[in-house]
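Working notes, beginning with the structure itself.
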Amino acid sequence: MLRKKLIAANWKMYKSPEQTREFFRAFLPMIAGHERSEIVICPPYIDLHAAVESAQGSAIALGAQNVYWKEEGAFTGEVSCHMLKSAGCTHVIIGHSERRQFFGETDETVNLKLKAALNCGLTPIVCVGEVLEEREAGLTEDVLRRQCLRAFDAISGERAHKLVVAYEPVWAIGTGKTATPAMAVEAHLTIRAEVSKSLGDDLARKLRILYGGSVKPENAKSLMSEEEIDGALVGGASLDARSFAAIVMY
Ligand code: PGA
């Protein structure tokens, strides 16, 4: 297989350090010996230390849910790529729709964060996706093209080899509505074509594009069976060890 699947948990603003330890105590035995997919867990910053300790000796990687593009300075409340790396992160989610919707994230800030993450050697998971009105107006393809074009501006294919993209239709996030595998595949093909234009064919062929939006144990298999879907970014269903393990083991 050209592309190893990646199953990532986005815990959003849930769990304390103690609950993080509890999760790992339950989760690790459930996925013991699993090697088919890469597993990444992205807890809140405050839980990273507990997660790093708990994941020791396992193949689970850790990621953050956001990052700031500057290296250091007077930026109250922000965290840099170097800080994430030194805390044990290898991955970082960039441009999640909740950050776009509630915290002023734009395609331009996504681009700055992406450049910083790549420079620092983190694996960025860049989120793109349309809102319901855009889908209903037939604008999905335009929106995905625009988001990709701006996110990947002034980045070269060689520099971006670690890039991962997550297609997350906003109407499917936390709503229980899932894109059908066919809808996801169509969007992934649009994204791959746009990446091919911006970053080159070779990178586009190797690029992993995850699907996110109400991924559950019940629908994981049908989504993951698509060759074009290279993994999942899982919110709600990743908070429970049993349900996240069922998704990983689909
Ligand atoms: P959900 O969230 O699985 O709860 O829909 C996905 C995400 O926001 O990444």
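Just so we're on the same page: first chain in the structure tokens is A, next is B, and so on; residues restart at 1 for each chain, and ligands are numbered from 1 in the order they show up.
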
Picked from stretch 108-142 of chain A by DSSP as strand (DSSP E), as number ranges by chain = A: 123-128

task = Please extract the residues at most 10 Å from ligand 1, counting only C-alpha atoms and all ligand atoms, and provide them as a ChimeraX atom specification, using the chain letters and residue numbers of this document.
result = /A:8-12,65,93,96-98,127,166-178,211-216,232-239

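If you measure from each of A:Leu6, A:Gln56, A:Cys42, A:Asn66 to A:Arg25 using only C-alpha atoms, the closest one turns out to be A:Gln56.
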
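Across A:Leu203, A:Leu112, A:Leu210, A:Ile94, the tightest approach to A:Ala154 is made by A:Leu112 when counting only C-alpha atoms.
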
message = Taking only C-alpha atoms into account, name the residue in A:Leu207, A:Arg192, A:Pro181, A:Ala87 that is nearest to A:Lys221.
response = A:Pro181

Residues of stretch 81-245 of chain A in helix (DSSP H, G or I), written as a PDB file with N, CA and C atoms, in the first residue's frame:
ATOM      1  N   CYS A  81       5.782  25.967  17.923  1.00  0.00           N
ATOM      2  CA  CYS A  81       6.110  24.626  17.412  1.00  0.00           C
ATOM      3  C   CYS A  81       7.220  23.981  18.236  1.00  0.00           C
ATOM      4  N   HIS A  82       8.266  24.772  18.548  1.00  0.00           N
ATOM      5  CA  HIS A  82       9.369  24.204  19.337  1.00  0.00           C
ATOM      6  C   HIS A  82       8.892  23.731  20.702  1.00  0.00           C
ATOM      7  N   MET A  83       8.006  24.501  21.280  1.00  0.00           N
ATOM      8  CA  MET A  83       7.466  24.088  22.598  1.00  0.00           C
ATOM      9  C   MET A  83       6.711  22.771  22.470  1.00  0.00           C
ATOM     10  N   LEU A  84       5.936  22.658  21.414  1.00  0.00           N
ATOM     11  CA  LEU A  84       5.176  21.408  21.213  1.00  0.00           C
ATOM     12  C   LEU A  84       6.126  20.232  21.048  1.00  0.00           C
ATOM     13  N   LYS A  85       7.161  20.450  20.255  1.00  0.00           N
ATOM     14  CA  LYS A  85       8.109  19.353  20.041  1.00  0.00           C
ATOM     15  C   LYS A  85       8.783  18.958  21.341  1.00  0.00           C
ATOM     16  N   SER A  86       9.185  19.958  22.098  1.00  0.00           N
ATOM     17  CA  SER A  86       9.896  19.612  23.336  1.00  0.00           C
ATOM     18  C   SER A  86       8.948  18.990  24.355  1.00  0.00           C
ATOM     19  N   SER A  97     -12.077  23.595  11.790  1.00  0.00           N
ATOM     20  CA  SER A  97     -13.197  24.511  11.512  1.00  0.00           C
ATOM     21  C   SER A  97     -13.667  25.238  12.774  1.00  0.00           C
ATOM     22  N   GLU A  98     -13.494  24.612  13.945  1.00  0.00           N
ATOM     23  CA  GLU A  98     -13.886  25.329  15.170  1.00  0.00           C
ATOM     24  C   GLU A  98     -12.963  26.503  15.439  1.00  0.00           C
ATOM     25  N   ARG A  99     -11.718  26.375  15.035  1.00  0.00           N
ATOM     26  CA  ARG A  99     -10.797  27.507  15.184  1.00  0.00           C
ATOM     27  C   ARG A  99     -11.142  28.582  14.153  1.00  0.00           C
ATOM     28  N   ARG A 100     -11.551  28.166  12.984  1.00  0.00           N
ATOM     29  CA  ARG A 100     -11.939  29.153  11.962  1.00  0.00           C
ATOM     30  C   ARG A 100     -13.206  29.881  12.405  1.00  0.00           C
ATOM     31  N   GLN A 101     -14.146  29.098  12.984  1.00  0.00           N
ATOM     32  CA  GLN A 101     -15.460  29.636  13.338  1.00  0.00           C
ATOM     33  C   GLN A 101     -15.427  30.502  14.605  1.00  0.00           C
ATOM     34  N   PHE A 102     -14.693  30.063  15.634  1.00  0.00           N
ATOM     35  CA  PHE A 102     -14.765  30.747  16.934  1.00  0.00           C
ATOM     36  C   PHE A 102     -13.537  31.575  17.271  1.00  0.00           C
ATOM     37  N   ASP A 107      -7.526  31.399   6.197  1.00  0.00           N
ATOM     38  CA  ASP A 107      -6.625  30.666   5.296  1.00  0.00           C
ATOM     39  C   ASP A 107      -5.192  31.202   5.430  1.00  0.00           C
ATOM     40  N   GLU A 108      -5.071  32.501   5.689  1.00  0.00           N
ATOM     41  CA  GLU A 108      -3.736  33.113   5.790  1.00  0.00           C
ATOM     42  C   GLU A 108      -3.021  32.667   7.075  1.00  0.00           C
ATOM     43  N   THR A 109      -3.736  32.612   8.182  1.00  0.00           N
ATOM     44  CA  THR A 109      -3.066  32.150   9.417  1.00  0.00           C
ATOM     45  C   THR A 109      -2.763  30.654   9.328  1.00  0.00           C
ATOM     46  N   VAL A 110      -3.619  29.924   8.625  1.00  0.00           N
ATOM     47  CA  VAL A 110      -3.348  28.496   8.403  1.00  0.00           C
ATOM     48  C   VAL A 110      -2.025  28.350   7.649  1.00  0.00           C
ATOM     49  N   ASN A 111      -1.827  29.191   6.642  1.00  0.00           N
ATOM     50  CA  ASN A 111      -0.593  29.149   5.856  1.00  0.00           C
ATOM     51  C   ASN A 111       0.641  29.452   6.731  1.00  0.00           C
ATOM     52  N   LEU A 112       0.532  30.460   7.595  1.00  0.00           N
ATOM     53  CA  LEU A 112       1.662  30.808   8.472  1.00  0.00           C
ATOM     54  C   LEU A 112       1.965  29.669   9.439  1.00  0.00           C
ATOM     55  N   LYS A 113       0.909  29.078   9.989  1.00  0.00           N
ATOM     56  CA  LYS A 113       1.102  27.983  10.947  1.00  0.00           C
ATOM     57  C   LYS A 113       1.676  26.753  10.246  1.00  0.00           C
ATOM     58  N   LEU A 114       1.199  26.519   9.035  1.00  0.00           N
ATOM     59  CA  LEU A 114       1.694  25.366   8.281  1.00  0.00           C
ATOM     60  C   LEU A 114       3.188  25.515   7.997  1.00  0.00           C
ATOM     61  N   LYS A 115       3.602  26.706   7.566  1.00  0.00           N
ATOM     62  CA  LYS A 115       5.027  26.932   7.292  1.00  0.00           C
ATOM     63  C   LYS A 115       5.849  26.715   8.559  1.00  0.00           C
ATOM     64  N   ALA A 116       5.363  27.232   9.673  1.00  0.00           N
ATOM     65  CA  ALA A 116       6.111  27.095  10.934  1.00  0.00           C
ATOM     66  C   ALA A 116       6.219  25.626  11.319  1.00  0.00           C
ATOM     67  N   ALA A 117       5.133  24.873  11.189  1.00  0.00           N
ATOM     68  CA  ALA A 117       5.147  23.462  11.579  1.00  0.00           C
ATOM     69  C   ALA A 117       6.117  22.676  10.696  1.00  0.00           C
ATOM     70  N   LEU A 118       6.098  22.941   9.392  1.00  0.00           N
ATOM     71  CA  LEU A 118       6.990  22.218   8.473  1.00  0.00           C
ATOM     72  C   LEU A 118       8.449  22.564   8.762  1.00  0.00           C
ATOM     73  N   ASN A 119       8.713  23.844   9.018  1.00  0.00           N
ATOM     74  CA  ASN A 119      10.084  24.266   9.347  1.00  0.00           C
ATOM     75  C   ASN A 119      10.614  23.564  10.568  1.00  0.00           C
ATOM     76  N   CYS A 120       9.726  23.305  11.481  1.00  0.00           N
ATOM     77  CA  CYS A 120      10.117  22.754  12.771  1.00  0.00           C
ATOM     78  C   CYS A 120      10.147  21.220  12.748  1.00  0.00           C
ATOM     79  N   LEU A 132     -22.550  23.948   5.399  1.00  0.00           N
ATOM     80  CA  LEU A 132     -23.746  23.401   4.744  1.00  0.00           C
ATOM     81  C   LEU A 132     -24.248  24.283   3.587  1.00  0.00           C
ATOM     82  N   GLU A 133     -24.264  25.616   3.827  1.00  0.00           N
ATOM     83  CA  GLU A 133     -24.787  26.518   2.778  1.00  0.00           C
ATOM     84  C   GLU A 133     -23.931  26.410   1.520  1.00  0.00           C
ATOM     85  N   GLU A 134     -22.636  26.260   1.706  1.00  0.00           N
ATOM     86  CA  GLU A 134     -21.743  26.145   0.544  1.00  0.00           C
ATOM     87  C   GLU A 134     -22.022  24.847  -0.216  1.00  0.00           C
ATOM     88  N   ARG A 135     -22.219  23.748   0.530  1.00  0.00           N
ATOM     89  CA  ARG A 135     -22.532  22.480  -0.151  1.00  0.00           C
ATOM     90  C   ARG A 135     -23.851  22.612  -0.915  1.00  0.00           C
ATOM     91  N   GLU A 136     -24.851  23.200  -0.240  1.00  0.00           N
ATOM     92  CA  GLU A 136     -26.173  23.299  -0.877  1.00  0.00           C
ATOM     93  C   GLU A 136     -26.150  24.211  -2.099  1.00  0.00           C
ATOM     94  N   THR A 140     -18.913  23.409  -2.992  1.00  0.00           N
ATOM     95  CA  THR A 140     -17.934  22.609  -2.245  1.00  0.00           C
ATOM     96  C   THR A 140     -16.559  22.612  -2.924  1.00  0.00           C
ATOM     97  N   GLU A 141     -16.560  22.335  -4.221  1.00  0.00           N
ATOM     98  CA  GLU A 141     -15.285  22.234  -4.923  1.00  0.00           C
ATOM     99  C   GLU A 141     -14.519  23.568  -4.883  1.00  0.00           C
ATOM    100  N   ASP A 142     -15.249  24.664  -5.119  1.00  0.00           N
ATOM    101  CA  ASP A 142     -14.600  25.989  -5.089  1.00  0.00           C
ATOM    102  C   ASP A 142     -13.989  26.269  -3.736  1.00  0.00           C
ATOM    103  N   VAL A 143     -14.750  25.943  -2.678  1.00  0.00           N
ATOM    104  CA  VAL A 143     -14.283  26.232  -1.322  1.00  0.00           C
ATOM    105  C   VAL A 143     -13.018  25.428  -1.023  1.00  0.00           C
ATOM    106  N   LEU A 144     -13.039  24.144  -1.366  1.00  0.00           N
ATOM    107  CA  LEU A 144     -11.870  23.298  -1.095  1.00  0.00           C
ATOM    108  C   LEU A 144     -10.660  23.781  -1.879  1.00  0.00           C
ATOM    109  N   ARG A 145     -10.888  24.166  -3.123  1.00  0.00           N
ATOM    110  CA  ARG A 145      -9.769  24.656  -3.951  1.00  0.00           C
ATOM    111  C   ARG A 145      -9.171  25.924  -3.355  1.00  0.00           C
ATOM    112  N   ARG A 146     -10.066  26.837  -2.941  1.00  0.00           N
ATOM    113  CA  ARG A 146      -9.583  28.100  -2.377  1.00  0.00           C
ATOM    114  C   ARG A 146      -8.812  27.866  -1.077  1.00  0.00           C
ATOM    115  N   GLN A 147      -9.372  27.015  -0.197  1.00  0.00           N
ATOM    116  CA  GLN A 147      -8.712  26.772   1.081  1.00  0.00           C
ATOM    117  C   GLN A 147      -7.327  26.150   0.857  1.00  0.00           C
ATOM    118  N   CYS A 148      -7.252  25.208  -0.088  1.00  0.00           N
ATOM    119  CA  CYS A 148      -5.962  24.552  -0.353  1.00  0.00           C
ATOM    120  C   CYS A 148      -4.974  25.539  -0.977  1.00  0.00           C
ATOM    121  N   LEU A 149      -5.446  26.263  -1.984  1.00  0.00           N
ATOM    122  CA  LEU A 149      -4.571  27.208  -2.685  1.00  0.00           C
ATOM    123  C   LEU A 149      -3.909  28.165  -1.690  1.00  0.00           C
ATOM    124  N   ARG A 150      -4.709  28.712  -0.786  1.00  0.00           N
ATOM    125  CA  ARG A 150      -4.171  29.691   0.170  1.00  0.00           C
ATOM    126  C   ARG A 150      -3.335  29.027   1.256  1.00  0.00           C
ATOM    127  N   ALA A 151      -3.761  27.861   1.698  1.00  0.00           N
ATOM    128  CA  ALA A 151      -3.010  27.185   2.771  1.00  0.00           C
ATOM    129  C   ALA A 151      -1.613  26.813   2.290  1.00  0.00           C
ATOM    130  N   VAL A 170     -18.010  20.794   7.418  1.00  0.00           N
ATOM    131  CA  VAL A 170     -18.375  21.393   8.709  1.00  0.00           C
ATOM    132  C   VAL A 170     -19.741  20.901   9.180  1.00  0.00           C
ATOM    133  N   TRP A 171     -20.650  20.643   8.243  1.00  0.00           N
ATOM    134  CA  TRP A 171     -21.996  20.178   8.575  1.00  0.00           C
ATOM    135  C   TRP A 171     -21.988  18.761   9.157  1.00  0.00           C
ATOM    136  N   ALA A 172     -20.870  18.080   9.070  1.00  0.00           N
ATOM    137  CA  ALA A 172     -20.801  16.700   9.577  1.00  0.00           C
ATOM    138  C   ALA A 172     -20.092  16.628  10.925  1.00  0.00           C
ATOM    139  N   PRO A 181     -19.353   7.719   1.870  1.00  0.00           N
ATOM    140  CA  PRO A 181     -18.012   7.463   1.320  1.00  0.00           C
ATOM    141  C   PRO A 181     -17.863   8.111  -0.061  1.00  0.00           C
ATOM    142  N   ALA A 182     -18.911   8.086  -0.870  1.00  0.00           N
ATOM    143  CA  ALA A 182     -18.804   8.668  -2.215  1.00  0.00           C
ATOM    144  C   ALA A 182     -18.579  10.186  -2.155  1.00  0.00           C
ATOM    145  N   MET A 183     -19.281  10.859  -1.230  1.00  0.00           N
ATOM    146  CA  MET A 183     -19.083  12.315  -1.096  1.00  0.00           C
ATOM    147  C   MET A 183     -17.662  12.624  -0.633  1.00  0.00           C
ATOM    148  N   ALA A 184     -17.188  11.817   0.324  1.00  0.00           N
ATOM    149  CA  ALA A 184     -15.828  12.039   0.840  1.00  0.00           C
ATOM    150  C   ALA A 184     -14.811  11.814  -0.276  1.00  0.00           C
ATOM    151  N   VAL A 185     -14.994  10.740  -1.034  1.00  0.00           N
ATOM    152  CA  VAL A 185     -14.041  10.436  -2.108  1.00  0.00           C
ATOM    153  C   VAL A 185     -13.990  11.587  -3.119  1.00  0.00           C
ATOM    154  N   GLU A 186     -15.155  12.118  -3.466  1.00  0.00           N
ATOM    155  CA  GLU A 186     -15.200  13.219  -4.439  1.00  0.00           C
ATOM    156  C   GLU A 186     -14.402  14.429  -3.924  1.00  0.00           C
ATOM    157  N   ALA A 187     -14.626  14.748  -2.643  1.00  0.00           N
ATOM    158  CA  ALA A 187     -13.907  15.887  -2.059  1.00  0.00           C
ATOM    159  C   ALA A 187     -12.403  15.602  -1.997  1.00  0.00           C
ATOM    160  N   HIS A 188     -12.053  14.377  -1.632  1.00  0.00           N
ATOM    161  CA  HIS A 188     -10.629  14.028  -1.546  1.00  0.00           C
ATOM    162  C   HIS A 188      -9.951  14.165  -2.913  1.00  0.00           C
ATOM    163  N   LEU A 189     -10.665  13.786  -3.958  1.00  0.00           N
ATOM    164  CA  LEU A 189     -10.077  13.884  -5.302  1.00  0.00           C
ATOM    165  C   LEU A 189      -9.846  15.353  -5.680  1.00  0.00           C
ATOM    166  N   THR A 190     -10.786  16.214  -5.280  1.00  0.00           N
ATOM    167  CA  THR A 190     -10.612  17.654  -5.526  1.00  0.00           C
ATOM    168  C   THR A 190      -9.374  18.165  -4.795  1.00  0.00           C
ATOM    169  N   ILE A 191      -9.248  17.751  -3.528  1.00  0.00           N
ATOM    170  CA  ILE A 191      -8.109  18.214  -2.725  1.00  0.00           C
ATOM    171  C   ILE A 191      -6.797  17.691  -3.328  1.00  0.00           C
ATOM    172  N   ARG A 192      -6.798  16.426  -3.717  1.00  0.00           N
ATOM    173  CA  ARG A 192      -5.564  15.841  -4.267  1.00  0.00           C
ATOM    174  C   ARG A 192      -5.160  16.552  -5.567  1.00  0.00           C
ATOM    175  N   ALA A 193      -6.159  16.900  -6.366  1.00  0.00           N
ATOM    176  CA  ALA A 193      -5.860  17.600  -7.621  1.00  0.00           C
ATOM    177  C   ALA A 193      -5.273  18.985  -7.334  1.00  0.00           C
ATOM    178  N   GLU A 194      -5.834  19.644  -6.336  1.00  0.00           N
ATOM    179  CA  GLU A 194      -5.347  20.984  -6.002  1.00  0.00           C
ATOM    180  C   GLU A 194      -3.931  20.911  -5.417  1.00  0.00           C
ATOM    181  N   VAL A 195      -3.692  19.910  -4.589  1.00  0.00           N
ATOM    182  CA  VAL A 195      -2.356  19.721  -4.012  1.00  0.00           C
ATOM    183  C   VAL A 195      -1.351  19.416  -5.125  1.00  0.00           C
ATOM    184  N   SER A 196      -1.794  18.662  -6.095  1.00  0.00           N
ATOM    185  CA  SER A 196      -0.910  18.343  -7.206  1.00  0.00           C
ATOM    186  C   SER A 196      -0.472  19.624  -7.924  1.00  0.00           C
ATOM    187  N   LYS A 197      -1.418  20.556  -8.090  1.00  0.00           N
ATOM    188  CA  LYS A 197      -1.079  21.835  -8.732  1.00  0.00           C
ATOM    189  C   LYS A 197      -0.133  22.666  -7.871  1.00  0.00           C
ATOM    190  N   SER A 198      -0.426  22.730  -6.557  1.00  0.00           N
ATOM    191  CA  SER A 198       0.364  23.595  -5.676  1.00  0.00           C
ATOM    192  C   SER A 198       1.706  22.977  -5.307  1.00  0.00           C
ATOM    193  N   LEU A 199       1.712  21.672  -5.051  1.00  0.00           N
ATOM    194  CA  LEU A 199       2.909  21.072  -4.442  1.00  0.00           C
ATOM    195  C   LEU A 199       3.523  19.957  -5.285  1.00  0.00           C
ATOM    196  N   ASP A 201       2.944  16.602  -8.363  1.00  0.00           N
ATOM    197  CA  ASP A 201       2.310  15.284  -8.517  1.00  0.00           C
ATOM    198  C   ASP A 201       2.784  14.269  -7.506  1.00  0.00           C
ATOM    199  N   ASP A 202       4.091  14.263  -7.309  1.00  0.00           N
ATOM    200  CA  ASP A 202       4.681  13.242  -6.453  1.00  0.00           C
ATOM    201  C   ASP A 202       4.127  13.360  -5.037  1.00  0.00           C
ATOM    202  N   LEU A 203       4.121  14.603  -4.534  1.00  0.00           N
ATOM    203  CA  LEU A 203       3.603  14.807  -3.186  1.00  0.00           C
ATOM    204  C   LEU A 203       2.113  14.475  -3.130  1.00  0.00           C
ATOM    205  N   ALA A 204       1.377  14.865  -4.159  1.00  0.00           N
ATOM    206  CA  ALA A 204      -0.072  14.614  -4.162  1.00  0.00           C
ATOM    207  C   ALA A 204      -0.369  13.116  -4.121  1.00  0.00           C
ATOM    208  N   ARG A 205       0.437  12.335  -4.808  1.00  0.00           N
ATOM    209  CA  ARG A 205       0.224  10.876  -4.804  1.00  0.00           C
ATOM    210  C   ARG A 205       0.467  10.276  -3.424  1.00  0.00           C
ATOM    211  N   LYS A 206       1.457  10.837  -2.728  1.00  0.00           N
ATOM    212  CA  LYS A 206       1.815  10.273  -1.417  1.00  0.00           C
ATOM    213  C   LYS A 206       1.001  10.883  -0.275  1.00  0.00           C
ATOM    214  N   PRO A 217     -17.658   3.991  15.312  1.00  0.00           N
ATOM    215  CA  PRO A 217     -17.361   2.580  15.035  1.00  0.00           C
ATOM    216  C   PRO A 217     -18.268   2.021  13.932  1.00  0.00           C
ATOM    217  N   GLU A 218     -19.516   2.491  13.858  1.00  0.00           N
ATOM    218  CA  GLU A 218     -20.483   1.937  12.888  1.00  0.00           C
ATOM    219  C   GLU A 218     -20.169   2.322  11.439  1.00  0.00           C
ATOM    220  N   ASN A 219     -19.526   3.477  11.221  1.00  0.00           N
ATOM    221  CA  ASN A 219     -19.301   3.864   9.821  1.00  0.00           C
ATOM    222  C   ASN A 219     -17.824   3.835   9.419  1.00  0.00           C
ATOM    223  N   ALA A 220     -16.954   3.501  10.378  1.00  0.00           N
ATOM    224  CA  ALA A 220     -15.507   3.565  10.086  1.00  0.00           C
ATOM    225  C   ALA A 220     -15.125   2.622   8.946  1.00  0.00           C
ATOM    226  N   LYS A 221     -15.691   1.411   8.971  1.00  0.00           N
ATOM    227  CA  LYS A 221     -15.250   0.428   7.984  1.00  0.00           C
ATOM    228  C   LYS A 221     -15.589   0.860   6.555  1.00  0.00           C
ATOM    229  N   SER A 222     -16.817   1.351   6.372  1.00  0.00           N
ATOM    230  CA  SER A 222     -17.196   1.711   5.002  1.00  0.00           C
ATOM    231  C   SER A 222     -16.376   2.913   4.507  1.00  0.00           C
ATOM    232  N   LEU A 223     -16.072   3.839   5.397  1.00  0.00           N
ATOM    233  CA  LEU A 223     -15.240   4.978   4.969  1.00  0.00           C
ATOM    234  C   LEU A 223     -13.803   4.532   4.699  1.00  0.00           C
ATOM    235  N   MET A 224     -13.255   3.743   5.630  1.00  0.00           N
ATOM    236  CA  MET A 224     -11.833   3.374   5.522  1.00  0.00           C
ATOM    237  C   MET A 224     -11.570   2.363   4.398  1.00  0.00           C
ATOM    238  N   GLY A 236     -15.749  13.394  18.744  1.00  0.00           N
ATOM    239  CA  GLY A 236     -16.563  12.816  19.830  1.00  0.00           C
ATOM    240  C   GLY A 236     -16.271  11.357  20.129  1.00  0.00           C
ATOM    241  N   ALA A 237     -16.181  10.545  19.090  1.00  0.00           N
ATOM    242  CA  ALA A 237     -16.026   9.100  19.307  1.00  0.00           C
ATOM    243  C   ALA A 237     -14.613   8.717  19.741  1.00  0.00           C
ATOM    244  N   SER A 238     -13.696   9.700  19.812  1.00  0.00           N
ATOM    245  CA  SER A 238     -12.338   9.366  20.269  1.00  0.00           C
ATOM    246  C   SER A 238     -12.191   9.547  21.771  1.00  0.00           C
ATOM    247  N   ALA A 241     -12.436   5.204  25.181  1.00  0.00           N
ATOM    248  CA  ALA A 241     -11.384   4.271  24.749  1.00  0.00           C
ATOM    249  C   ALA A 241     -11.955   3.148  23.895  1.00  0.00           C
ATOM    250  N   ARG A 242     -13.098   2.614  24.321  1.00  0.00           N
ATOM    251  CA  ARG A 242     -13.659   1.473  23.595  1.00  0.00           C
ATOM    252  C   ARG A 242     -14.068   1.878  22.173  1.00  0.00           C
ATOM    253  N   SER A 243     -14.723   3.032  22.048  1.00  0.00           N
ATOM    254  CA  SER A 243     -15.195   3.407  20.711  1.00  0.00           C
ATOM    255  C   SER A 243     -14.033   3.842  19.811  1.00  0.00           C
ATOM    256  N   PHE A 244     -13.018   4.485  20.388  1.00  0.00           N
ATOM    257  CA  PHE A 244     -11.870   4.857  19.536  1.00  0.00           C
ATOM    258  C   PHE A 244     -11.107   3.597  19.115  1.00  0.00           C
ATOM    259  N   ALA A 245     -10.996   2.634  20.035  1.00  0.00           N
ATOM    260  CA  ALA A 245     -10.315   1.385  19.686  1.00  0.00           C
ATOM    261  C   ALA A 245     -11.087   0.669  18.571  1.00  0.00           C
TER     262      ALA A 245
END

query = Do you have the atom CA of A:Gly138-atom CA of A:Ala179 distance handy?
reply = 15.0 Å

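If you look at atom CA of A:Met13 and atom CA of A:Pro43, they are 7.9 Å away from each other.
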